[in-house]
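J.: If it helps, the file is called my_file-v1.csv and holds CSV, C-alpha atoms:
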```csv
chain,number,residue,atom,x,y,z
A,1,MET,CA,0.0,0.0,0.0
A,2,SER,CA,1.3,3.4,-0.9
A,3,LEU,CA,2.7,5.4,2.1
A,4,ILE,CA,1.1,8.6,0.7
A,5,LYS,CA,-2.3,7.2,1.7
A,6,TYR,CA,-1.2,7.0,5.3
A,7,GLN,CA,0.3,10.5,5.1
A,8,VAL,CA,-2.9,11.9,3.7
A,9,LEU,CA,-5.0,10.3,6.5
A,10,VAL,CA,-2.7,11.7,9.2
A,11,LYS,CA,-2.7,15.2,7.7
A,12,VAL,CA,-6.6,15.2,7.2
A,13,ASP,CA,-6.9,14.3,10.9
A,14,GLU,CA,-4.4,17.0,11.9
A,15,VAL,CA,-6.0,19.9,10.0
A,16,LYS,CA,-9.6,18.5,10.0
A,17,SER,CA,-10.1,19.5,6.3
A,18,PHE,CA,-9.6,17.8,2.9
A,19,THR,CA,-8.8,21.2,1.3
A,20,LYS,CA,-6.2,22.2,3.9
A,21,ALA,CA,-4.6,18.7,3.8
A,22,ALA,CA,-4.3,19.0,0.0
A,23,ASP,CA,-2.7,22.4,0.2
A,24,GLN,CA,-0.2,21.4,2.8
A,25,LEU,CA,0.7,18.1,1.0
A,26,GLY,CA,0.9,19.7,-2.4
A,27,LEU,CA,-1.9,17.5,-3.8
A,28,THR,CA,-5.3,18.2,-5.3
A,29,GLN,CA,-8.4,17.9,-3.2
A,30,SER,CA,-9.5,15.1,-5.5
A,31,ALA,CA,-6.3,13.2,-4.8
A,32,VAL,CA,-6.8,13.5,-1.1
A,33,SER,CA,-10.4,12.2,-1.3
A,34,HIS,CA,-9.3,9.3,-3.5
A,35,ALA,CA,-6.5,8.4,-1.0
A,36,VAL,CA,-8.9,8.3,1.9
A,37,ALA,CA,-11.5,6.4,-0.1
A,38,GLY,CA,-8.8,3.9,-1.2
A,39,LEU,CA,-7.9,3.2,2.5
A,40,GLU,CA,-11.5,2.8,3.4
A,41,GLU,CA,-12.0,0.3,0.5
A,42,GLU,CA,-8.9,-1.7,1.5
A,43,PHE,CA,-9.8,-1.8,5.2
A,44,GLY,CA,-13.5,-2.4,4.6
A,45,PHE,CA,-14.9,0.3,6.8
A,46,ARG,CA,-15.2,4.1,7.0
A,47,LEU,CA,-12.3,6.1,8.4
A,48,ILE,CA,-13.7,9.7,8.1
A,49,SER,CA,-17.0,11.0,9.3
A,50,ARG,CA,-18.4,14.1,7.6
A,51,HIS,CA,-20.8,16.3,9.5
A,52,ARG,CA,-22.0,20.0,9.6
A,53,SER,CA,-19.2,21.2,11.8
A,54,GLY,CA,-16.5,19.5,9.6
A,55,ILE,CA,-14.9,16.1,9.6
A,56,SER,CA,-13.5,13.8,12.2
A,57,LEU,CA,-12.2,10.2,12.4
A,58,THR,CA,-14.6,7.5,12.9
A,59,ARG,CA,-14.2,5.2,16.0
A,60,GLU,CA,-12.4,2.7,13.7
A,61,GLY,CA,-10.2,5.5,12.3
A,62,MET,CA,-9.2,6.6,15.8
A,63,GLN,CA,-8.2,3.0,16.6
A,64,LEU,CA,-6.0,2.8,13.6
A,65,LEU,CA,-4.5,6.3,13.8
A,66,PRO,CA,-1.7,5.6,16.3
A,67,SER,CA,-0.4,2.7,14.2
A,68,ILE,CA,-0.6,4.7,11.0
A,69,GLN,CA,1.2,7.6,12.7
A,70,ARG,CA,4.0,5.3,13.7
A,71,ILE,CA,4.4,4.1,10.1
A,72,VAL,CA,4.6,7.7,8.9
A,73,ARG,CA,7.1,8.7,11.5
A,74,SER,CA,9.2,5.5,10.9
A,75,ASP,CA,9.4,6.4,7.2
A,76,GLU,CA,10.4,10.0,8.1
A,77,LYS,CA,13.1,8.7,10.5
A,78,LEU,CA,14.4,6.3,7.7
A,79,HIS,CA,14.8,9.3,5.3
A,80,GLN,CA,16.5,11.4,8.0
A,81,GLU,CA,19.0,8.6,8.7
A,82,ALA,CA,19.7,8.2,5.0
A,83,ALA,CA,20.2,12.0,4.7
A,84,SER,CA,22.5,12.0,7.7
A,85,ILE,CA,24.8,9.4,6.0
A,86,LEU,CA,25.3,11.9,3.2
A,87,GLY,CA,25.9,14.7,5.8
A,88,VAL,CA,22.6,16.3,5.2
A,89,THR,CA,19.8,16.6,7.8
A,90,GLY,CA,16.5,17.0,5.8
A,91,GLY,CA,12.9,16.0,6.1
A,92,SER,CA,10.8,17.4,8.9
A,93,LEU,CA,10.9,17.7,12.7
A,94,CYS,CA,7.8,17.9,14.8
A,95,ILE,CA,8.3,19.6,18.2
A,96,GLY,CA,5.9,19.9,21.2
A,97,VAL,CA,6.1,23.3,22.9
A,98,PHE,CA,4.4,25.3,25.6
A,99,THR,CA,4.0,29.1,25.9
A,100,SER,CA,7.0,30.1,28.1
A,101,VAL,CA,9.3,27.9,26.0
A,102,SER,CA,8.0,29.4,22.7
A,103,ARG,CA,8.5,32.9,24.1
A,104,HIS,CA,11.9,32.6,25.8
A,105,LEU,CA,13.9,29.6,24.6
A,106,LEU,CA,12.7,28.4,21.2
A,107,PRO,CA,13.5,31.3,18.9
A,108,GLN,CA,17.3,31.2,19.6
A,109,ILE,CA,17.3,27.4,19.2
A,110,ILE,CA,15.5,27.4,15.9
A,111,GLN,CA,17.8,30.2,14.6
A,112,VAL,CA,20.8,27.9,15.2
A,113,MET,CA,19.0,24.8,13.9
A,114,ASP,CA,18.1,26.7,10.6
A,115,LYS,CA,21.7,27.5,10.0
A,116,LYS,CA,23.0,24.0,10.6
A,117,CYS,CA,20.0,22.2,9.0
A,118,PRO,CA,18.6,24.5,6.3
A,119,GLU,CA,16.8,21.7,4.5
A,120,LEU,CA,14.9,20.6,7.7
A,121,GLN,CA,11.3,21.6,8.0
A,122,ILE,CA,10.4,22.4,11.6
A,123,ARG,CA,6.7,22.0,12.8
A,124,LEU,CA,5.5,23.1,16.2
A,125,THR,CA,2.6,21.8,18.2
A,126,GLU,CA,1.4,23.5,21.4
A,127,GLY,CA,0.3,21.6,24.5
A,128,ASN,CA,0.9,21.1,28.1
A,129,TYR,CA,3.4,18.6,29.6
A,130,GLU,CA,1.1,15.6,29.6
A,131,GLU,CA,-0.1,16.2,26.1
A,132,ILE,CA,3.4,16.6,24.8
A,133,GLU,CA,4.6,13.5,26.6
A,134,GLU,CA,1.8,11.4,25.2
A,135,GLN,CA,2.4,12.6,21.7
A,136,VAL,CA,6.2,11.9,21.9
A,137,ILE,CA,5.4,8.4,23.2
A,138,SER,CA,2.8,7.8,20.4
A,139,GLY,CA,5.3,9.0,17.7
A,140,LYS,CA,3.2,12.0,16.7
A,141,LEU,CA,6.0,14.3,17.9
A,142,ASP,CA,9.7,13.7,17.4
A,143,CYS,CA,10.5,15.6,20.6
A,144,GLY,CA,8.9,18.0,23.0
A,145,PHE,CA,9.6,20.4,25.9
A,146,VAL,CA,8.4,18.9,29.2
A,147,ASN,CA,8.8,19.2,32.9
A,148,LYS,CA,11.4,16.8,34.3
A,149,TYR,CA,9.8,13.5,33.7
A,150,HIS,CA,10.7,9.8,34.2
A,151,SER,CA,9.4,7.2,31.9
A,152,ASP,CA,11.0,4.1,30.4
A,153,GLN,CA,9.3,5.1,27.1
A,154,LEU,CA,11.1,8.5,27.0
A,155,THR,CA,14.5,10.0,27.2
A,156,VAL,CA,14.5,13.4,28.8
A,157,THR,CA,17.5,15.8,28.6
A,158,PRO,CA,17.3,18.5,31.3
A,159,LEU,CA,17.9,22.0,29.9
A,160,ILE,CA,17.2,24.7,32.5
A,161,ARG,CA,15.9,25.2,36.0
A,162,ASP,CA,13.1,27.7,36.1
A,163,ARG,CA,12.6,29.4,39.6
A,164,ILE,CA,9.2,29.5,41.1
A,165,LEU,CA,8.3,33.0,42.5
A,166,CYS,CA,5.4,34.4,44.6
A,167,ILE,CA,3.4,37.2,42.9
A,168,VAL,CA,2.0,39.8,45.2
A,169,SER,CA,0.2,43.2,44.9
A,170,PRO,CA,1.2,46.4,46.7
A,171,LYS,CA,-1.8,45.9,49.1
A,172,SER,CA,-0.4,42.5,50.2
A,173,VAL,CA,1.2,42.4,53.7
A,174,LEU,CA,3.9,40.4,52.0
A,175,TYR,CA,4.8,43.2,49.5
A,176,ASN,CA,7.9,44.5,51.2
A,177,GLN,CA,9.5,41.2,52.1
A,178,THR,CA,12.7,39.9,50.4
A,179,CYS,CA,11.4,36.3,50.6
A,180,ILE,CA,8.2,34.6,51.6
A,181,SER,CA,7.7,31.6,53.8
A,182,PHE,CA,5.3,28.8,53.0
A,183,SER,CA,3.4,29.4,56.2
A,184,GLN,CA,2.8,33.1,55.2
A,185,MET,CA,1.3,32.0,51.9
A,186,GLU,CA,-1.5,30.3,53.8
A,187,GLN,CA,-2.7,33.6,55.3
A,188,GLU,CA,-3.8,35.2,52.0
A,189,PRO,CA,-6.3,34.3,49.3
A,190,PHE,CA,-4.6,32.2,46.6
A,191,ILE,CA,-4.9,32.2,42.8
A,192,MET,CA,-4.0,28.7,41.8
A,193,PRO,CA,-2.6,28.1,38.3
A,194,ALA,CA,-4.8,25.4,36.9
A,195,PHE,CA,-3.2,24.7,33.5
A,196,GLY,CA,-1.8,21.2,33.1
A,197,GLY,CA,1.7,22.6,32.6
A,198,TYR,CA,1.7,24.1,36.0
A,199,HIS,CA,1.2,21.0,38.1
A,200,GLU,CA,4.6,21.6,39.6
A,201,VAL,CA,3.0,24.5,41.6
A,202,LYS,CA,0.7,22.0,43.3
A,203,ARG,CA,3.6,19.6,43.8
A,204,ILE,CA,5.7,22.3,45.5
A,205,LEU,CA,2.8,23.3,47.8
A,206,ALA,CA,2.2,19.7,48.8
A,207,GLU,CA,5.8,18.9,49.4
A,208,ASN,CA,6.0,21.8,51.8
A,209,GLY,CA,2.7,21.0,53.6
A,210,VAL,CA,1.1,24.2,52.3
A,211,HIS,CA,-2.7,24.3,52.2
A,212,PRO,CA,-3.5,27.7,50.5
A,213,LYS,CA,-6.9,29.3,50.7
A,214,ILE,CA,-7.7,28.9,47.0
A,215,ARG,CA,-10.1,31.6,45.8
A,216,PHE,CA,-9.8,31.0,42.0
A,217,GLU,CA,-8.1,28.5,39.6
A,218,LEU,CA,-7.1,30.0,36.3
A,219,MET,CA,-5.3,28.5,33.3
A,220,GLU,CA,-3.7,31.6,31.7
A,221,GLU,CA,-0.9,33.5,33.4
A,222,ASN,CA,-2.0,36.9,32.3
A,223,ALA,CA,-5.4,36.3,33.9
A,224,ILE,CA,-3.6,35.2,37.1
A,225,LEU,CA,-1.6,38.4,37.1
A,226,ALA,CA,-4.7,40.5,36.5
A,227,MET,CA,-6.4,38.9,39.5
A,228,VAL,CA,-3.3,39.7,41.7
A,229,SER,CA,-3.1,43.2,40.4
A,230,HIS,CA,-6.7,43.8,41.5
A,231,HIS,CA,-5.7,42.6,45.0
A,232,LEU,CA,-7.8,39.5,44.9
A,233,GLY,CA,-5.1,37.2,46.1
A,234,ILE,CA,-1.4,36.1,45.7
A,235,SER,CA,-0.1,33.4,43.4
A,236,ILE,CA,3.1,31.5,42.5
A,237,LEU,CA,4.4,31.2,38.9
A,238,PRO,CA,7.5,29.9,37.1
A,239,GLU,CA,9.9,32.8,36.3
A,240,LEU,CA,9.8,32.2,32.6
A,241,VAL,CA,6.1,32.9,32.3
A,242,ILE,CA,6.3,36.2,34.2
A,243,PRO,CA,6.6,39.3,31.9
A,244,GLY,CA,9.7,41.4,32.3
A,245,ASN,CA,7.9,44.3,33.9
A,246,ILE,CA,4.9,43.5,36.2
A,247,THR,CA,5.1,46.8,38.1
A,248,PRO,CA,3.4,47.5,40.5
A,249,LEU,CA,3.3,43.8,41.3
A,250,LYS,CA,6.3,42.0,42.7
A,251,ALA,CA,7.7,38.6,42.1
A,252,ILE,CA,9.4,37.5,45.4
A,253,PRO,CA,11.5,34.4,46.0
A,254,LEU,CA,10.2,31.7,48.3
A,255,GLU,CA,12.1,30.9,51.6
A,256,LYS,CA,13.1,27.6,50.1
A,257,ASP,CA,14.2,27.9,46.5
A,258,SER,CA,11.9,25.9,44.3
A,259,TYR,CA,12.2,25.2,40.6
A,260,ARG,CA,10.6,23.4,37.7
A,261,THR,CA,13.1,21.6,35.4
A,262,ILE,CA,12.4,22.1,31.7
A,263,GLY,CA,13.8,19.4,29.5
A,264,LEU,CA,13.5,17.9,26.0
A,265,ALA,CA,11.8,14.6,25.7
A,266,THR,CA,12.5,12.2,22.8
A,267,SER,CA,11.7,8.5,22.2
A,268,THR,CA,14.4,6.1,23.4
A,269,HIS,CA,15.4,5.8,19.8
A,270,PRO,CA,15.2,9.4,18.4
A,271,SER,CA,15.6,10.4,14.8
A,272,PRO,CA,18.8,12.1,13.6
A,273,ALA,CA,17.0,15.4,13.4
A,274,ALA,CA,15.7,15.0,17.0
A,275,LYS,CA,19.2,14.2,18.2
A,276,GLN,CA,20.5,17.3,16.5
A,277,PHE,CA,17.8,19.5,18.0
A,278,VAL,CA,18.6,18.2,21.5
A,279,ALA,CA,22.3,18.9,21.0
A,280,ILE,CA,21.6,22.4,19.7
A,281,ALA,CA,19.2,23.2,22.5
A,282,LYS,CA,21.8,22.2,25.1
A,283,GLN,CA,24.4,24.3,23.3
A,284,VAL,CA,22.1,27.4,23.2
A,285,ILE,CA,20.7,27.1,26.7
A,286,GLY,CA,23.7,25.8,28.4
A,287,ASN,CA,25.1,22.4,29.4
A,288,GLY,CA,21.8,21.2,30.9
A,289,VAL,CA,21.1,20.5,34.6
A,290,SER,CA,20.8,17.4,36.6
```
Is it possible to give me this structure as structure tokens?
T.:
Amino acid sequence: MSLIKYQVLVKVDEVKSFTKAADQLGLTQSAVSHAVAGLEEEFGFRLISRHRSGISLTREGMQLLPSIQRIVRSDEKLHQEAASILGVTGGSLCIGVFTSVSRHLLPQIIQVMDKKCPELQIRLTEGNYEEIEEQVISGKLDCGFVNKYHSDQLTVTPLIRDRILCIVSPKSVLYNQTCISFSQMEQEPFIMPAFGGYHEVKRILAENGVHPKIRFELMEENAILAMVSHHLGISILPELVIPGNITPLKAIPLEKDSYRTIGLATSTHPSPAAKQFVAIAKQVIGNGVS
């Protein structure tokens, strides 16, 4: 069976559109439709469900998708390995990212990657730690930025330690302190980061026996800062997500330095392009952390 049919199905699922899939693959819409129809005829059941709001995979299509994605990624890896033998890193590299990485770390890494591997097409997918980990394990992503994580299905290269700071407003009794104790944090209303990528906040609080008086849980850091600026509570956030100037708010260290460790996750047998990206990330950011 032609690999292009698998590539078409993966792309149609990714963009949820035959037209967009055709444009991104350099095919006609008719060719995309025929590819999907050919797969459906060969397998003996429908793969795509069409409805008013668009298209989606059928239950059977969803069952097959992980295996088809692995085939497509294996083919990509094979071509990368062949290119690396010739001293050329080509093909594509799919990377999972989250906001603070995209804002502070990724641009410099990609600049260097573009110079060393100009033929490589880099694709970015946004998500939280758990989503990125799952997609690297499934083969949908070549690599992804995650919190320090231990899994026998992943190799994680630590890159940077990101300090966790307490955010307070001028009306907080903690405003003029140089550091804040965990016991003090229990005395004020607390704005809890609720996004999946911030579960290290809950971990730090639990490890130090802190039971904050949670008033709100919010996913977006700008919304959290807005709540604090209106004197509705305090919060704690990783330093990389905090804007450079939050005046009149303050970001104050905790009494016990706490960090999240950002690393790059790959499969246990990464593609040549993923290996190169990890090496460049370490070079740009530093020598990594333990």
J.: Output as a tab-separated table one row per residue of range 214-245 of chain A within 12 Å of range 261-278 of chain A: the closest atom pair and its distance in Å to one decimal place, counting all atoms listed in the file, sorted by chain and residue number ascending.
T.:
```
residue	atom	partner	partner_atom	distance
A:Pro238	CA	A:Thr261	CA	10.2
A:Glu239	CA	A:Thr261	CA	11.7
A:Leu240	CA	A:Ile262	CA	10.5
```
J.: CA of Ile246 in chain A and CA of Val210 in chain A, how far apart in Å?
T.: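 So the answer is 25.4 Å.
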J.: Find the residue from A:Pro189, A:Pro248, A:Gly91, A:Pro212 that sits nearest to Pro118 in chain A; use only C-alpha atoms when measuring.
T.: A:Gly91
J.: What are the closest atom pairs, with distances in Å to one decimal, for each residue of range 124-176 of chain A lying within 12 Å of range 218-226 of chain A, using only C-alpha atoms, rows by chain and rising residue number, as a Markdown table?
T.:
```
| residue | atom | partner | partner_atom | distance |
| --- | --- | --- | --- | --- |
| A:Asn128 | CA | A:Met219 | CA | 11.0 |
| A:Cys166 | CA | A:Leu225 | CA | 11.0 |
| A:Ile167 | CA | A:Leu225 | CA | 7.8 |
| A:Val168 | CA | A:Leu225 | CA | 9.0 |
| A:Ser169 | CA | A:Leu225 | CA | 9.3 |
```
J.: With a distance cut-off of 9 Å and all atoms listed in the file, select the neighbouring residues of Ile55 in chain A, excluding the residue or stretch itself and same-chain residues fewer than 3 positions from it, and output the selection as a PyMOL selection string.
T.: chain A and resi 12-13+16-18+48-52
J.: Since we have the selection now, will you write its residues out, keeping C-alpha atoms, as a CSV table (one decimal), in the coordinates of the input?
T.:
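This went into again00.csv:
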```
chain,number,residue,atom,x,y,z
A,12,VAL,CA,-6.6,15.2,7.2
A,13,ASP,CA,-6.9,14.3,10.9
A,16,LYS,CA,-9.6,18.5,10.0
A,17,SER,CA,-10.1,19.5,6.3
A,18,PHE,CA,-9.6,17.8,2.9
A,48,ILE,CA,-13.7,9.7,8.1
A,49,SER,CA,-17.0,11.0,9.3
A,50,ARG,CA,-18.4,14.1,7.6
A,51,HIS,CA,-20.8,16.3,9.5
A,52,ARG,CA,-22.0,20.0,9.6
```
J.: For the atom pair CA of Val136 in chain A and CA of Thr155 in chain A, what is the interatomic distance in Å to one decimal place?
T.: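 Between CA of Val136 in chain A and CA of Thr155 in chain A the gap works out to 10.0 Å.
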J.: Which value, in Å to one decimal, gives the distance between CA of Gly61 in chain A and CA of His34 in chain A?
T.: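 Computing the Euclidean distance for CA of Gly61 in chain A and CA of His34 in chain A yields 16.3 Å.
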J.: Nearest residue to Lys213 in chain A out of A:Met185, A:Val228, A:Leu120, A:Ala279, using all atoms listed in the file?
T.: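 Ranked by minimum distance to Lys213 in chain A, first place goes to A:Met185.
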J.: I'd like to know which of A:Ser172, A:Thr178, A:Ser33, A:Ser92 is closest to Arg123 in chain A, using all atoms listed in the file.
T.: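 Answer, going by the shortest atom-to-atom distance: A:Ser92.
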J.: Using only C-alpha atoms, which residue out of A:Glu81, A:Gly286, A:Phe182, A:Lys140 lies closest to Gly209 in chain A?
T.: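 Of the candidates, the smallest distance to Gly209 in chain A is held by A:Phe182.
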J.: Please determine, counting only C-alpha atoms, which residue among A:Ser100, A:Gln24, A:Thr19, A:Gln121 has the shortest atom-to-atom distance to Leu237 in chain A.
T.: A:Ser100
J.: Out of A:Glu207, A:Gly244, A:Thr58, A:Ile280, which residue has the shortest atom-to-atom distance to Lys115 in chain A when counting all atoms listed in the file?
T.: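 Nearest candidate to Lys115 in chain A out of A:Glu207, A:Gly244, A:Thr58, A:Ile280: A:Ile280.
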J.: Could you pull the residues within 9 Å of Val201 in chain A, counting all atoms listed in the file, minus those fewer than 3 positions along the same chain, as a list in words?
T.: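 Near neighbours after the sequence-gap exclusion: Ile164, Met192, Pro193, Tyr198, Ile204, Leu205, Ala206, Ile236, Leu237, Pro238 and Arg260 of chain A.
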J.: Quick one: range 2-34 of chain A with N, CA and C atoms, as a short mmCIF file (atom, residue, chain, number, x, y, z; two decimals), in the frame of the given file?
T.:
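Below you can see selection.cif, which holds the result:
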```cif
data_model
loop_
_atom_site.label_atom_id
_atom_site.label_comp_id
_atom_site.auth_asym_id
_atom_site.auth_seq_id
_atom_site.Cartn_x
_atom_site.Cartn_y
_atom_site.Cartn_z
N SER A 2 0.50 2.23 -0.79
CA SER A 2 1.30 3.40 -0.90
C SER A 2 1.32 4.20 0.41
N LEU A 3 2.52 4.63 0.81
CA LEU A 3 2.70 5.40 2.10
C LEU A 3 1.91 6.70 2.01
N ILE A 4 1.73 7.26 0.82
CA ILE A 4 1.10 8.60 0.70
C ILE A 4 -0.34 8.52 1.28
N LYS A 5 -1.00 7.34 1.18
CA LYS A 5 -2.30 7.20 1.70
C LYS A 5 -2.34 7.41 3.24
N TYR A 6 -1.33 6.84 3.87
CA TYR A 6 -1.20 7.00 5.30
C TYR A 6 -0.91 8.47 5.66
N GLN A 7 -0.01 9.08 4.89
CA GLN A 7 0.30 10.50 5.10
C GLN A 7 -0.89 11.38 4.96
N VAL A 8 -1.71 11.07 3.97
CA VAL A 8 -2.90 11.90 3.70
C VAL A 8 -3.87 11.73 4.92
N LEU A 9 -4.10 10.52 5.41
CA LEU A 9 -5.00 10.30 6.50
C LEU A 9 -4.54 11.07 7.77
N VAL A 10 -3.25 10.98 8.06
CA VAL A 10 -2.70 11.70 9.20
C VAL A 10 -2.87 13.18 9.08
N LYS A 11 -2.62 13.71 7.90
CA LYS A 11 -2.70 15.20 7.70
C LYS A 11 -4.21 15.60 7.75
N VAL A 12 -5.13 14.82 7.18
CA VAL A 12 -6.60 15.20 7.20
C VAL A 12 -7.02 15.21 8.69
N ASP A 13 -6.58 14.25 9.50
CA ASP A 13 -6.90 14.30 10.90
C ASP A 13 -6.34 15.47 11.61
N GLU A 14 -5.12 15.84 11.25
CA GLU A 14 -4.40 17.00 11.90
C GLU A 14 -5.11 18.29 11.63
N VAL A 15 -5.50 18.54 10.37
CA VAL A 15 -6.00 19.90 10.00
C VAL A 15 -7.56 19.86 9.89
N LYS A 16 -8.18 18.66 9.99
CA LYS A 16 -9.60 18.50 10.00
C LYS A 16 -10.26 19.12 8.69
N SER A 17 -9.55 18.94 7.56
CA SER A 17 -10.10 19.50 6.30
C SER A 17 -9.36 18.83 5.13
N PHE A 18 -10.14 18.39 4.12
CA PHE A 18 -9.60 17.80 2.90
C PHE A 18 -8.81 18.90 2.13
N THR A 19 -9.40 20.11 2.09
CA THR A 19 -8.80 21.20 1.30
C THR A 19 -7.45 21.62 1.92
N LYS A 20 -7.42 21.81 3.24
CA LYS A 20 -6.20 22.20 3.90
C LYS A 20 -5.12 21.11 3.79
N ALA A 21 -5.55 19.86 3.91
CA ALA A 21 -4.60 18.70 3.80
C ALA A 21 -4.00 18.72 2.39
N ALA A 22 -4.83 18.95 1.39
CA ALA A 22 -4.30 19.00 0.00
C ALA A 22 -3.31 20.08 -0.19
N ASP A 23 -3.62 21.27 0.34
CA ASP A 23 -2.70 22.40 0.20
C ASP A 23 -1.36 22.12 0.87
N GLN A 24 -1.39 21.57 2.07
CA GLN A 24 -0.20 21.40 2.80
C GLN A 24 0.67 20.19 2.26
N LEU A 25 0.00 19.24 1.61
CA LEU A 25 0.70 18.10 1.00
C LEU A 25 1.09 18.32 -0.43
N GLY A 26 0.62 19.42 -1.01
CA GLY A 26 0.90 19.70 -2.40
C GLY A 26 0.14 18.79 -3.35
N LEU A 27 -1.07 18.40 -2.96
CA LEU A 27 -1.90 17.50 -3.80
C LEU A 27 -3.21 18.25 -4.12
N THR A 28 -3.97 17.67 -5.05
CA THR A 28 -5.30 18.20 -5.30
C THR A 28 -6.27 17.65 -4.29
N GLN A 29 -7.39 18.35 -4.11
CA GLN A 29 -8.40 17.90 -3.20
C GLN A 29 -8.94 16.50 -3.62
N SER A 30 -9.03 16.33 -4.92
CA SER A 30 -9.50 15.10 -5.50
C SER A 30 -8.56 13.92 -5.10
N ALA A 31 -7.24 14.19 -5.16
CA ALA A 31 -6.30 13.20 -4.80
C ALA A 31 -6.36 12.78 -3.34
N VAL A 32 -6.60 13.77 -2.49
CA VAL A 32 -6.80 13.50 -1.10
C VAL A 32 -8.01 12.65 -0.82
N SER A 33 -9.11 13.00 -1.46
CA SER A 33 -10.40 12.20 -1.30
C SER A 33 -10.18 10.81 -1.79
N HIS A 34 -9.49 10.63 -2.92
CA HIS A 34 -9.30 9.30 -3.50
C HIS A 34 -8.37 8.46 -2.54
#
```
